[in-house]
>>> print(open('my_file-v3.cif').read())   # mmCIF, C-alpha atoms (C1' of nucleotides)
data_my_file
loop_
_atom_site.label_atom_id
_atom_site.label_comp_id
_atom_site.auth_asym_id
_atom_site.auth_seq_id
_atom_site.Cartn_x
_atom_site.Cartn_y
_atom_site.Cartn_z
CA MET A 1 62.83 6.88 39.79
CA LYS A 2 64.25 10.11 41.06
CA VAL A 3 64.08 11.24 44.62
CA LYS A 4 62.89 14.79 45.18
CA ASN A 5 65.88 16.14 47.03
CA ARG A 6 66.15 19.59 48.40
CA LEU A 7 68.74 21.13 46.17
CA GLU A 8 69.83 23.87 48.52
CA THR A 9 70.18 24.56 52.21
CA LEU A 10 67.68 26.90 53.81
CA GLU A 11 70.45 29.41 54.49
CA SER A 12 71.48 29.39 50.85
CA ILE A 13 67.91 30.11 49.75
CA LEU A 14 67.66 32.93 52.27
CA GLU A 15 70.86 34.43 50.95
CA ARG A 16 69.49 34.35 47.43
CA LEU A 17 66.33 35.98 48.74
CA ARG A 18 68.30 38.81 50.37
CA PHE A 19 70.33 39.28 47.21
CA SER A 20 67.22 39.34 45.05
CA ILE A 21 65.57 41.90 47.30
CA ARG A 22 68.64 44.12 47.27
CA GLN A 23 68.90 43.81 43.49
CA ASN A 24 65.37 45.06 43.13
CA GLY A 25 65.91 47.98 45.52
CA LEU A 26 63.37 46.52 47.93
CA LYS A 27 63.48 45.82 51.64
CA ASN A 28 63.61 42.55 53.44
CA SER A 29 61.33 41.53 56.29
CA LYS A 30 61.31 38.79 58.83
CA GLN A 31 57.93 37.66 57.50
CA ARG A 32 59.40 36.88 54.09
CA GLU A 33 62.19 34.83 55.57
CA GLU A 34 59.76 33.07 57.89
CA ILE A 35 57.53 32.00 55.03
CA ILE A 36 60.47 30.61 53.07
CA SER A 37 61.55 28.82 56.21
CA VAL A 38 58.14 27.35 56.98
CA LEU A 39 57.76 26.02 53.44
CA TYR A 40 61.29 24.65 53.43
CA LYS A 41 60.84 22.83 56.69
CA SER A 42 57.36 21.51 56.02
CA GLY A 43 58.42 19.72 52.84
CA THR A 44 54.77 19.73 51.78
CA HIS A 45 52.28 21.94 49.98
CA LEU A 46 50.77 24.52 52.29
CA SER A 47 47.81 26.83 51.78
CA PRO A 48 48.09 30.55 52.56
CA GLU A 49 45.93 30.06 55.62
CA GLU A 50 48.09 27.20 56.88
CA ILE A 51 51.19 29.29 56.40
CA ALA A 52 49.64 32.20 58.28
CA ALA A 53 48.62 29.88 61.12
CA ASN A 54 52.18 28.63 61.31
CA LEU A 55 53.63 32.14 61.51
CA ARG A 56 51.09 33.10 64.15
CA GLN A 57 52.55 30.49 66.46
CA ARG A 58 55.50 32.81 66.87
CA ASP A 59 53.99 36.18 66.06
CA LYS A 60 50.33 36.52 66.89
CA SER A 61 49.91 39.62 64.76
CA THR A 62 50.77 38.03 61.42
CA SER A 63 48.24 39.22 58.89
CA ILE A 64 46.78 37.08 56.14
CA SER A 65 47.05 39.92 53.64
CA SER A 66 50.80 40.06 54.11
CA VAL A 67 50.98 36.33 53.61
CA TYR A 68 49.20 36.67 50.30
CA ARG A 69 51.41 39.56 49.25
CA ILE A 70 54.56 37.71 50.20
CA LEU A 71 53.47 34.51 48.48
CA GLY A 72 52.79 36.49 45.33
CA PHE A 73 56.22 38.06 45.54
CA LEU A 74 58.04 34.81 46.27
CA GLU A 75 56.27 33.06 43.44
CA LYS A 76 57.10 35.83 41.00
CA GLU A 77 60.73 35.64 42.06
CA ARG A 78 60.64 31.85 41.72
CA PHE A 79 61.46 31.03 45.33
CA ILE A 80 58.26 29.06 45.64
CA THR A 81 55.86 27.37 43.26
CA ALA A 82 52.09 27.22 43.34
CA LEU A 83 50.03 24.11 42.95
CA GLU A 84 46.30 23.77 42.42
CA PRO A 85 45.37 20.46 43.88
CA GLY A 86 41.76 20.37 42.74
CA LYS A 87 40.43 21.52 46.04
CA THR A 88 39.73 25.19 46.29
CA GLY A 89 42.66 27.56 46.46
CA LYS A 90 46.36 27.36 45.77
CA ARG A 91 49.06 25.65 47.75
CA TYR A 92 52.72 26.48 47.74
CA GLU A 93 55.99 24.59 47.98
CA ILE A 94 59.61 25.61 48.00
CA ALA A 95 60.98 25.81 44.47
CA ALA A 96 64.41 24.41 45.31
CA LYS A 97 63.46 20.80 44.78
CA GLU A 98 64.17 18.69 41.77
CA HIS A 99 61.42 19.01 39.21
CA HIS A 100 59.30 15.91 38.93
CA ASP A 101 56.00 14.67 37.56
CA HIS A 102 53.65 12.12 39.05
CA ILE A 103 52.52 8.65 38.08
CA ILE A 104 49.44 7.72 40.05
CA CYS A 105 47.77 4.32 40.39
CA LEU A 106 44.02 4.68 40.08
CA HIS A 107 43.47 1.45 41.97
CA CYS A 108 45.72 1.62 45.02
CA GLY A 109 46.50 5.35 44.94
CA ASP A 110 50.25 4.89 44.98
CA ILE A 111 52.15 7.93 43.72
CA GLN A 112 55.58 7.72 42.15
CA GLU A 113 57.67 10.64 40.97
CA PHE A 114 59.49 10.61 37.68
CA VAL A 115 61.23 12.80 35.15
CA ASP A 116 61.39 11.95 31.47
CA GLU A 117 63.85 14.12 29.60
CA GLU A 118 62.28 13.38 26.25
CA ILE A 119 58.91 14.70 27.40
CA GLU A 120 60.53 17.66 29.12
CA ALA A 121 62.27 18.60 25.88
CA ARG A 122 59.17 18.06 23.79
CA GLN A 123 57.09 20.29 26.04
CA ILE A 124 59.42 23.16 25.31
CA GLN A 125 59.02 22.49 21.59
CA VAL A 126 55.24 22.42 21.88
CA ALA A 127 55.29 25.76 23.68
CA SER A 128 57.54 27.32 21.09
CA ALA A 129 55.27 26.03 18.33
CA TYR A 130 52.78 28.42 19.91
CA LYS A 131 55.47 31.12 20.11
CA ALA A 132 55.06 30.84 23.88
CA LYS A 133 57.67 30.65 26.61
CA LEU A 134 57.26 27.59 28.80
CA VAL A 135 57.28 28.61 32.45
CA SER A 136 56.31 25.36 34.11
CA HIS A 137 54.12 22.38 33.65
CA ASP A 138 52.10 19.87 35.55
CA MET A 139 51.74 16.30 34.30
CA ARG A 140 50.05 13.35 35.95
CA LEU A 141 49.91 9.87 34.46
CA PHE A 142 47.01 7.81 35.74
CA VAL A 143 47.74 4.10 35.60
CA ILE A 144 47.01 0.70 36.99
CA CYS A 145 50.28 -0.31 38.61
CA ASP A 146 52.03 -3.63 38.32
CA LYS A 147 50.84 -4.97 41.65
CA CYS A 148 47.24 -4.02 41.03
CA ARG A 149 47.28 -5.51 37.52
CA GLN A 150 48.30 -8.84 39.00
CA HIS A 151 45.78 -8.76 41.81
CA ILE A 152 42.74 -7.73 39.85
CA LYS A 153 41.45 -9.64 36.88
CA ASP A 154 38.16 -8.68 35.39
CA MET B 1 48.36 21.38 15.65
CA LYS B 2 45.27 19.27 15.83
CA VAL B 3 41.70 20.38 15.90
CA LYS B 4 39.68 18.81 18.66
CA ASN B 5 36.58 17.31 17.17
CA ARG B 6 33.36 16.86 18.97
CA LEU B 7 32.81 13.16 19.14
CA GLU B 8 29.06 13.27 19.54
CA THR B 9 26.13 15.37 18.44
CA LEU B 10 24.52 17.60 21.03
CA GLU B 11 21.32 15.63 20.77
CA SER B 12 23.13 12.39 21.51
CA ILE B 13 24.71 13.87 24.62
CA LEU B 14 21.33 15.15 25.78
CA GLU B 15 19.85 11.72 25.32
CA ARG B 16 22.58 10.20 27.42
CA LEU B 17 21.91 12.88 30.03
CA ARG B 18 18.20 12.04 30.12
CA PHE B 19 18.99 8.36 30.39
CA SER B 20 21.48 8.93 33.18
CA ILE B 21 19.00 11.06 35.11
CA ARG B 22 16.30 8.44 34.74
CA GLN B 23 18.69 5.69 35.81
CA ASN B 24 19.44 7.59 38.99
CA GLY B 25 15.79 8.20 39.73
CA LEU B 26 16.27 11.94 39.38
CA LYS B 27 14.44 14.59 37.42
CA ASN B 28 15.56 16.50 34.40
CA SER B 29 15.41 20.27 34.03
CA LYS B 30 15.80 22.66 31.20
CA GLN B 31 18.69 24.30 33.06
CA ARG B 32 20.73 21.12 32.91
CA GLU B 33 20.17 20.73 29.21
CA GLU B 34 20.89 24.40 28.65
CA ILE B 35 24.25 24.16 30.38
CA ILE B 36 25.27 21.13 28.35
CA SER B 37 24.16 22.98 25.26
CA VAL B 38 26.05 26.17 26.10
CA LEU B 39 29.26 24.27 26.76
CA TYR B 40 28.81 22.20 23.63
CA LYS B 41 28.26 25.21 21.43
CA SER B 42 30.91 27.43 22.96
CA GLY B 43 33.69 24.94 22.28
CA THR B 44 35.75 26.69 24.94
CA HIS B 45 36.35 26.56 28.68
CA LEU B 46 33.75 28.56 30.53
CA SER B 47 33.60 29.68 34.15
CA PRO B 48 30.43 29.18 36.21
CA GLU B 49 29.75 32.90 36.03
CA GLU B 50 30.14 32.95 32.24
CA ILE B 51 27.78 30.03 31.93
CA ALA B 52 25.23 31.74 34.16
CA ALA B 53 25.50 34.94 32.13
CA ASN B 54 24.86 32.94 29.00
CA LEU B 55 21.73 31.30 30.41
CA ARG B 56 20.46 34.65 31.63
CA GLN B 57 20.30 35.85 28.05
CA ARG B 58 17.29 33.61 27.64
CA ASP B 59 16.04 33.30 31.20
CA LYS B 60 16.71 36.29 33.37
CA SER B 61 16.04 34.39 36.59
CA THR B 62 18.83 31.84 36.23
CA SER B 63 20.52 31.52 39.57
CA ILE B 64 24.23 31.09 40.09
CA SER B 65 23.68 28.52 42.81
CA SER B 66 21.84 26.26 40.41
CA VAL B 67 24.67 26.64 37.93
CA TYR B 68 27.15 25.47 40.56
CA ARG B 69 24.94 22.57 41.56
CA ILE B 70 24.40 21.51 37.98
CA LEU B 71 28.08 21.77 37.13
CA GLY B 72 28.90 19.57 40.09
CA PHE B 73 26.35 17.03 38.95
CA LEU B 74 27.45 17.03 35.32
CA GLU B 75 31.08 16.65 36.31
CA LYS B 76 30.30 13.74 38.61
CA GLU B 77 28.37 12.08 35.80
CA ARG B 78 31.24 12.73 33.38
CA PHE B 79 29.32 14.90 30.94
CA ILE B 80 31.73 17.75 31.47
CA THR B 81 35.28 18.06 32.71
CA ALA B 82 36.81 20.67 34.97
CA LEU B 83 40.04 22.47 34.28
CA GLU B 84 42.01 24.57 36.72
CA PRO B 85 43.81 27.12 34.69
CA GLY B 86 45.89 28.58 37.51
CA LYS B 87 43.81 31.70 37.58
CA THR B 88 41.16 31.67 40.24
CA GLY B 89 38.31 29.20 39.90
CA LYS B 90 37.49 26.24 37.69
CA ARG B 91 36.45 26.23 34.09
CA TYR B 92 34.41 23.58 32.35
CA GLU B 93 34.29 21.98 28.93
CA ILE B 94 32.17 19.30 27.34
CA ALA B 95 33.63 15.85 27.92
CA ALA B 96 32.72 14.42 24.52
CA LYS B 97 35.75 15.78 22.70
CA GLU B 98 38.92 14.19 21.43
CA HIS B 99 41.58 13.86 24.05
CA HIS B 100 43.75 16.94 24.36
CA ASP B 101 46.03 18.71 26.77
CA HIS B 102 46.12 22.38 27.67
CA ILE B 103 48.59 25.18 27.18
CA ILE B 104 47.72 28.05 29.49
CA CYS B 105 49.05 31.60 29.53
CA LEU B 106 49.87 32.64 33.07
CA HIS B 107 49.50 36.29 32.16
CA CYS B 108 46.27 36.60 30.19
CA GLY B 109 44.74 33.24 31.07
CA ASP B 110 44.26 32.18 27.46
CA ILE B 111 43.83 28.43 27.07
CA GLN B 112 44.76 26.49 23.94
CA GLU B 113 44.30 22.81 23.36
CA PHE B 114 46.90 20.59 21.78
CA VAL B 115 47.91 17.00 21.25
CA ASP B 116 51.50 15.99 20.75
CA GLU B 117 51.83 12.44 19.52
CA GLU B 118 55.42 12.18 20.61
CA ILE B 119 54.52 12.96 24.20
CA GLU B 120 51.48 10.70 24.04
CA ALA B 121 53.68 7.82 22.91
CA ARG B 122 56.37 8.57 25.43
CA GLN B 123 53.87 8.60 28.29
CA ILE B 124 52.93 5.04 27.45
CA GLN B 125 56.60 4.10 27.53
CA VAL B 126 57.13 5.79 30.88
CA ALA B 127 54.17 3.89 32.30
CA SER B 128 55.43 0.58 30.97
CA ALA B 129 58.87 1.29 32.43
CA TYR B 130 56.98 1.09 35.72
CA LYS B 131 55.22 -2.05 34.51
CA ALA B 132 52.04 0.00 34.74
CA LYS B 133 49.18 0.34 32.27
CA LEU B 134 48.46 3.94 31.31
CA VAL B 135 44.77 4.74 31.73
CA SER B 136 44.72 8.48 31.20
CA HIS B 137 46.71 11.59 31.89
CA ASP B 138 46.43 15.26 32.55
CA MET B 139 49.05 17.70 31.33
CA ARG B 140 49.08 21.46 31.52
CA LEU B 141 51.82 23.64 30.09
CA PHE B 142 52.01 27.03 31.78
CA VAL B 143 53.48 29.64 29.51
CA ILE B 144 53.67 33.31 28.69
CA CYS B 145 52.01 33.51 25.32
CA ASP B 146 53.28 35.37 22.29
CA LYS B 147 51.02 38.40 22.75
CA CYS B 148 51.83 38.79 26.44
CA ARG B 149 55.57 38.45 25.85
CA GLN B 150 55.39 41.40 23.51
CA HIS B 151 53.26 43.56 25.77
CA ILE B 152 54.94 43.07 29.12
CA LYS B 153 58.45 43.60 30.31
CA ASP B 154 59.42 42.72 33.86
"C1'" DG C 1 0.98 13.92 44.90
"C1'" DT C 2 5.67 13.62 46.05
"C1'" DA C 3 10.38 14.06 45.70
"C1'" DT C 4 13.70 16.69 43.25
"C1'" DA C 5 15.45 21.00 41.26
"C1'" DT C 6 15.42 25.78 41.29
"C1'" DG C 7 15.72 30.81 42.82
"C1'" DC C 8 16.84 33.83 46.20
"C1'" DA C 9 19.28 35.49 49.98
"C1'" DA C 10 22.49 34.88 53.31
"C1'" DA C 11 26.54 32.64 54.88
"C1'" DA C 12 31.11 30.93 54.38
"C1'" DC C 13 35.29 31.25 52.27
"C1'" DT C 14 39.22 33.12 49.64
"C1'" DT C 15 41.81 36.90 47.92
"C1'" DT C 16 42.56 41.89 47.21
"C1'" DT C 17 42.80 46.74 48.47
"C1'" DG C 18 43.10 51.29 51.02
"C1'" DC C 19 45.25 53.40 54.62
"C1'" DA C 20 47.82 54.47 58.74
"C1'" DC C 21 51.79 52.82 60.99
"C1'" DT C 22 56.24 50.25 61.32
"C1'" DA C 23 60.70 49.31 60.12
"C1'" DG C 24 64.67 48.30 56.88
"C1'" DG C 25 68.49 50.46 54.52
"C1'" DC D 1 64.75 60.26 56.71
"C1'" DC D 2 62.27 57.93 53.03
"C1'" DT D 3 60.01 54.44 51.04
"C1'" DA D 4 58.70 49.60 51.07
"C1'" DG D 5 56.35 46.31 53.96
"C1'" DT D 6 53.01 45.23 57.40
"C1'" DG D 7 48.55 44.87 60.06
"C1'" DC D 8 43.97 45.78 60.13
"C1'" DA D 9 39.55 46.29 58.37
"C1'" DA D 10 36.68 46.51 54.69
"C1'" DA D 11 35.72 45.23 50.04
"C1'" DA D 12 35.47 42.16 46.27
"C1'" DG D 13 35.03 37.78 44.41
"C1'" DT D 14 33.79 32.82 44.63
"C1'" DT D 15 31.27 28.86 46.22
"C1'" DT D 16 27.98 26.76 49.44
"C1'" DT D 17 23.76 26.36 52.09
"C1'" DG D 18 18.92 26.88 54.00
"C1'" DC D 19 14.49 27.33 52.79
"C1'" DA D 20 10.23 28.27 50.25
"C1'" DT D 21 8.50 27.56 45.71
"C1'" DA D 22 8.22 25.46 41.22
"C1'" DT D 23 8.31 21.49 38.41
"C1'" DA D 24 9.18 16.84 36.43
"C1'" DC D 25 7.52 12.35 36.59
#
>>> encode(input="my_file-v3.cif", output="structure tokens")
Amino acid sequence: MKVKNRLETLESILERLRFSIRQNGLKNSKQREEIISVLYKSGTHLSPEEIAANLRQRDKSTSISSVYRILGFLEKERFITALEPGKTGKRYEIAAKEHHDHIICLHCGDIQEFVDEEIEARQIQVASAYKAKLVSHDMRLFVICDKCRQHIKD
Amino acid sequence: MKVKNRLETLESILERLRFSIRQNGLKNSKQREEIISVLYKSGTHLSPEEIAANLRQRDKSTSISSVYRILGFLEKERFITALEPGKTGKRYEIAAKEHHDHIICLHCGDIQEFVDEEIEARQIQVASAYKAKLVSHDMRLFVICDKCRQHIKD
DNA sequence: GTATATGCAAAACTTTTGCACTAGG
DNA sequence: CCTAGTGCAAAAGTTTTGCATATAC
């Protein structure tokens, strides 16, 4: 099983952000860097509203519309990734983590992370069979884990 | 790729629905049967609003709140399944279809269904590498489809 | 008849947009 | 300066809820 390490320091991500903004002839803002920072430090998946609440702890005037605009920008530029966890609305996480999928026990709820290179490669082939460019994927395997198989007999 | 067959006739699904409703001591309604029927016949993934629009063709007074309530009920009872295509909101499809995964265009929202036997087989192997028994899975490939790749340049 | 389902309207959210102002380069 | 980014408020879109009425059983 692979561990989902952060692949980059926060400062390195921020430098890439500044470079990307300059490349596009845009302007930086402290809000953009703050959002990257909040997501990096949280290590979890945050909703736009949660992110805004976090920023408001330091700057009361943070507006939710800017948060949405920035999240859209950061996602487009691949600094963050969106997740739809079934509940309403999207959640975001920093993109600079190792990619992983999830294997979830339906009985005890345990979640393991894994990467299978064969599946990863095959997904790209499936996409290209549709003449499509694979951007990302989400895969969850629902199982009964070893422990639960031993403890429950029907 | 594979065509996803309907595994059951509409009438058979409706009979199961009536049975399920009776079992739960509830009452049937033509709206519930209509929604099953619309999803069955469409063969695609419809949003609540699209479903409501469809019902309104025959009964102008169909209310969107009933559609939401019915969709929640039908999902809970496993007659339909929800899909979150990344775009805003859920979409629903009839549950009595062959297993398939989804390939979703992030740009136009188009959803295709596919089955890749190699991935299916490999998923079982991944699960057994964890000594776990695979029960089911959910996989979504997010892509930019052929049409959108041709029409948009970043 | 009685409990459940529906329709309607309003409320509760979530996300987007227009516009004046701020601020980065 | 000049233009992109922000904050604010309002709009637009989505989903839920309260309540009176209709309807299945």
>>> atom_distance(input="my_file-v3.cif", atom1="CA of Asp138 (chain B)", atom2="CA of Arg140 (chain A)")
5.3 Å
>>> residues_around(input="my_file-v3.cif", residues="DT16 (chain C)", least_positions_apart="2", cutoff="12 Å", atoms="only C-alpha atoms (C1' of nucleotides)", output="PDB file with C-alpha atoms (C1' of nucleotides), in the frame of the given file")
ATOM      1  CA  ILE A  64      46.780  37.080  56.140  1.00  0.00           C
ATOM      2  CA  SER A  65      47.050  39.920  53.640  1.00  0.00           C
ATOM      3  CA  SER A  66      50.800  40.060  54.110  1.00  0.00           C
ATOM      4  CA  VAL A  67      50.980  36.330  53.610  1.00  0.00           C
ATOM      5  CA  TYR A  68      49.200  36.670  50.300  1.00  0.00           C
ATOM      6  CA  ARG A  69      51.410  39.560  49.250  1.00  0.00           C
ATOM      7  CA  GLY A  72      52.790  36.490  45.330  1.00  0.00           C
TER       8      GLY A  72
ATOM      9  C1'  DT C  14      39.220  33.120  49.640  1.00  0.00           C
ATOM     10  C1'  DG C  18      43.100  51.290  51.020  1.00  0.00           C
TER      11       DG C  18
ATOM     12  C1'  DA D  10      36.680  46.510  54.690  1.00  0.00           C
ATOM     13  C1'  DA D  11      35.720  45.230  50.040  1.00  0.00           C
ATOM     14  C1'  DA D  12      35.470  42.160  46.270  1.00  0.00           C
ATOM     15  C1'  DG D  13      35.030  37.780  44.410  1.00  0.00           C
TER      16       DG D  13
END
>>> closest_atom_pairs(input="my_file-v3.cif", of="chain A", to="chain D", cutoff="7 Å", atoms="all atoms listed in the file", output="tab-separated table")
residue	atom	partner	partner_atom	distance
A:Leu26	CA	D:DA4	C1'	6.4
A:Lys27	CA	D:DA4	C1'	6.1
A:Ser63	CA	D:DG7	C1'	5.8
A:Ser66	CA	D:DT6	C1'	6.5
>>> interface_residues(input="my_file-v3.cif", of="chain A", to="chain B", cutoff="7 Å", atoms="all atoms listed in the file", output="CSV table (one decimal) with C-alpha atoms, in the frame of the given file")
chain,number,residue,atom,x,y,z
A,84,GLU,CA,46.3,23.8,42.4
A,119,ILE,CA,58.9,14.7,27.4
A,122,ARG,CA,59.2,18.1,23.8
A,131,LYS,CA,55.5,31.1,20.1
A,132,ALA,CA,55.1,30.8,23.9
A,133,LYS,CA,57.7,30.6,26.6
A,134,LEU,CA,57.3,27.6,28.8
A,135,VAL,CA,57.3,28.6,32.4
A,136,SER,CA,56.3,25.4,34.1
A,137,HIS,CA,54.1,22.4,33.6
A,138,ASP,CA,52.1,19.9,35.6
A,139,MET,CA,51.7,16.3,34.3
A,140,ARG,CA,50.0,13.4,36.0
A,141,LEU,CA,49.9,9.9,34.5
A,142,PHE,CA,47.0,7.8,35.7
A,143,VAL,CA,47.7,4.1,35.6
A,144,ILE,CA,47.0,0.7,37.0
A,145,CYS,CA,50.3,-0.3,38.6
A,146,ASP,CA,52.0,-3.6,38.3
>>> closest_residue(input="my_file-v3.cif", among="A:Tyr40, A:Ser12, A:Gly25, A:Ala52", to="chain C", atoms="all atoms listed in the file")
A:Gly25
>>> residues_around(input="my_file-v3.cif", residues="Ser20 (chain B)", least_positions_apart="4", cutoff="12 Å", atoms="all atoms listed in the file", output="list in words")
Ile13, Leu14, Glu15, Arg16, Asn24, Gly25, Leu26, Lys27, Asn28, Phe73, Leu74, Lys76, Glu77, Arg78 and Phe79 of chain B
